[in-house]
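All remarks here apply to the structure that follows.
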Amino acid sequence: MLETDPSFPTSRQQRLTLRISRKTLSFAVADTAAEKQIFYEPYTVKSGISMAANLREAFRSAELLARGYQRALVLIDVPVLLVPIEEYADDTKEVIYHHAISQCQGDVVLSYVMPTQNVVAVFGINKDLKLVIDDHFQDAKFCPVSVPVWNYLYQRSFTGSRRKLYGYFHDKQLNIFSFDKNRFKFCNSFDTDRYMDAVYFMLYVWKQLGMDERRDELHLLGDIPEQTELLAEAKKFLRYAHVINPSADFNRAPITQIKGLPCDVMAYYVKGR
């Protein structure tokens, strides 16, 4: 439970963060006076009902949602289509998204511009879920859940001269991506919570990109399944395979000590979107 101190930040100008995946729901808000710099509240999702229905119930019971914030950032875990900025047209985003990602027919299609990487992230959100959010916030912004991690690791990719492949594990998924010349060179996600499958996917992408197993680097982050075994298996094939430690990378920021806090939320509050 959160503290009910009347000094708890409730400014209408503050932006509450909602993180929504297929099976999890959580809320966070910045507070520099707090020991860990933010207040973080995971919500227990009920199986058998939609995420929109879960969010409606959360507005009746979650402490952060009851505090009257009018601005929100929604980090949403959904399939994402990356479109080069020079090829993007807002009036065709629904057509190309539903053509590329057929399982999301009927979703509201949104876009998020990533100018540094010269790309637009096109993604869908369930209509009922978006309606619940819009009903409760005057100003709601939507962003794919991996964007803070992409931005953080994009900046990190300039360290050293070796090419780098990244694997971000979250919500029983593996997001594999790489950058080259201020752009994404590869980005795709795979459903898996088994370390052998994850190694197979990463090595397959490694081969597709023509990376050098003796020189280039694999970097892993997030909720890594059987981390010790996965890393050992990867090192059978690659000379440089590493797990990124957020605490060390973020200069031991207090937020990194919050148990269960996803790395994307952590990266958002430490590094920004």
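Ordering of the structure tokens sets the chain letters (A, B, ...), residue numbers begin anew at 1 in every chain, and ligands are numbered from 1 in the order given.
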Task: Spatial neighbours of stretch 49-65 of chain A, 6 Å, only C-alpha atoms, chain gap at least 2 places, as an MDAnalysis selection string - done: chainID A and resid 47 67 128:129
Since we have the selection now, will you write its residues out, keeping N, CA and C atoms, as a compact mmCIF listing (two decimals), in the first residue's frame?
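Dumped to selection31.txt:
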# COMPACT_ATOMS: atom_id res chain seq x y z
N SER A 47 -7.89 -12.58 -14.22
CA SER A 47 -8.02 -13.34 -15.46
C SER A 47 -9.51 -13.50 -15.79
N ARG A 67 -6.08 9.49 -7.05
CA ARG A 67 -5.56 10.78 -6.61
C ARG A 67 -5.83 11.93 -7.57
N ASP A 128 -11.84 -0.25 -26.51
CA ASP A 128 -12.44 -0.12 -25.17
C ASP A 128 -11.42 0.36 -24.15
N LEU A 129 -10.20 -0.14 -24.27
CA LEU A 129 -9.14 0.27 -23.35
C LEU A 129 -8.82 1.75 -23.52
Open item on the list: So that I can check the secondary structure, give me every residue of stretch 31-265 of chain A assigned helix (DSSP H, G or I) by backbone DSSP, as a ChimeraX atom specification.
Closed with: /A:51-61,65-67,85-87,90-100,102-104,115-117,127-136,147-156,195-208,227-234,246-249,254-257,263-265
Polymer residues at most 7 Å from stretch 189-191 of chain A, only C-alpha atoms, same-chain spacing of 4 or more positions, as a CSV table (one decimal) with all heavy atoms, in the first residue's frame:
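Final file, around_35.csv:
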chain,number,residue,atom,x,y,z
A,172,LYS,N,7.3,-12.0,-20.9
A,172,LYS,CA,7.4,-13.3,-21.6
A,172,LYS,C,7.6,-13.1,-23.1
A,172,LYS,O,7.1,-13.8,-24.0
A,172,LYS,CB,6.3,-14.2,-21.3
A,172,LYS,CG,6.2,-14.6,-19.9
A,172,LYS,CD,5.1,-15.6,-19.6
A,172,LYS,CE,5.1,-16.0,-18.1
A,172,LYS,NZ,4.0,-17.1,-17.8
A,173,GLN,N,8.3,-12.0,-23.5
A,173,GLN,CA,8.7,-11.7,-24.8
A,173,GLN,C,10.1,-11.3,-24.9
A,173,GLN,O,10.7,-10.9,-23.9
A,173,GLN,CB,7.8,-10.5,-25.4
A,173,GLN,CG,6.3,-10.7,-25.4
A,173,GLN,CD,5.7,-9.4,-25.8
A,173,GLN,OE1,5.8,-8.9,-26.8
A,173,GLN,NE2,4.9,-8.8,-24.8
A,174,LEU,N,10.7,-11.5,-26.1
A,174,LEU,CA,12.0,-11.0,-26.4
A,174,LEU,C,12.0,-10.1,-27.5
A,174,LEU,O,11.6,-10.4,-28.6
A,174,LEU,CB,12.9,-12.2,-26.7
A,174,LEU,CG,14.3,-11.9,-27.3
A,174,LEU,CD1,15.1,-11.1,-26.4
A,174,LEU,CD2,15.0,-13.2,-27.7
A,175,ASN,N,12.4,-8.8,-27.3
A,175,ASN,CA,12.5,-7.8,-28.4
A,175,ASN,C,14.0,-7.7,-28.8
A,175,ASN,O,14.9,-7.4,-27.9
A,175,ASN,CB,12.0,-6.5,-27.8
A,175,ASN,CG,12.1,-5.4,-28.9
A,175,ASN,OD1,12.5,-4.2,-28.6
A,175,ASN,ND2,11.7,-5.7,-30.1
A,176,ILE,N,14.3,-8.1,-30.0
A,176,ILE,CA,15.7,-8.0,-30.5
A,176,ILE,C,15.8,-6.9,-31.5
A,176,ILE,O,15.0,-6.7,-32.4
A,176,ILE,CB,16.0,-9.4,-31.3
A,176,ILE,CG1,15.7,-10.6,-30.4
A,176,ILE,CG2,17.4,-9.4,-31.8
A,176,ILE,CD1,15.9,-11.9,-31.1
Task: Residue among A:Val108, A:Leu16, A:Leu25, A:Ala198 lying closest to A:Phe39, counting only C-alpha atoms - done: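 The shortest atom-to-atom distance to A:Phe39 comes from A:Leu16.
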- [ ] Extract, using only C-alpha atoms, all DNA, RNA and protein residues at most 7 Å from stretch 98-106 of chain A, discarding same-chain residues fewer than 3 positions from it, and format them as a list in words.
- [x] Glu94, Val95 and Gly124 of chain A
Export, as a short mmCIF file (atom, residue, chain, number, x, y, z; two decimals), in the first residue's frame, the selected residues with N, CA, C and O atoms.
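File part-v4.cif, as written:
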data_model
loop_
_atom_site.label_atom_id
_atom_site.label_comp_id
_atom_site.auth_asym_id
_atom_site.auth_seq_id
_atom_site.Cartn_x
_atom_site.Cartn_y
_atom_site.Cartn_z
N GLU A 94 -3.26 3.41 -40.74
CA GLU A 94 -4.17 2.30 -40.43
C GLU A 94 -4.03 1.18 -41.45
O GLU A 94 -3.99 0.00 -41.09
N VAL A 95 -3.93 1.55 -42.72
CA VAL A 95 -3.84 0.54 -43.78
C VAL A 95 -2.57 -0.28 -43.66
O VAL A 95 -2.61 -1.52 -43.69
N GLY A 124 -1.21 -0.25 -32.33
CA GLY A 124 -2.65 -0.24 -32.10
C GLY A 124 -2.99 -0.41 -30.63
O GLY A 124 -2.20 -0.97 -29.86
#
Task: Which residue of A:Phe123, A:Phe201, A:Trp150, A:Phe137 approaches A:Ala72 most closely, using only C-alpha atoms - done: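 Checking each of A:Phe123, A:Phe201, A:Trp150, A:Phe137 against A:Ala72, counting only C-alpha atoms, the winner is A:Phe137.
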Task: Residues within 10 Å of A:Tyr269, only C-alpha atoms, excluding chain neighbours under 2 positions, as a ChimeraX atom specification - done: /A:17,28-30,37-38,148,255,263-267,271-273
TODO: Quote the spacing between atom CA of A:Leu218 and atom CA of A:Asn182 in Å to one decimal place.
DONE: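 These two atoms are separated by 18.7 Å.
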Open item on the list: Between A:Val199, A:Leu209, A:Val147, A:Ile20, which residue has the minimum interatomic distance to A:Leu238, considering only C-alpha atoms?
Closed with: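 Smallest separation from A:Leu238 among the options: A:Val199.
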Task: Selection near A:Met202, 12 Å with only C-alpha atoms, sequence-local residues under 6 positions removed, as a PyMOL selection string - done: chain A and resi 164-169+174-178+186-190+192+195-196+208-209+211+217-220+230-231+233-234+237-238+241
Open item on the list: Rounded to one decimal, what separation in Å do you get between atom CA of A:Asp171 and atom CA of A:Asn118?
Closed with: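 Computed distance, atom CA of A:Asp171 to atom CA of A:Asn118, equals 26.9 Å.
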Open item on the list: Just to confirm, what's the straight-line distance from atom CA of A:Val270 to atom CA of A:Ser247 in Å (one decimal)?
Closed with: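 Calculated distance between atom CA of A:Val270 and atom CA of A:Ser247 is 10.9 Å.
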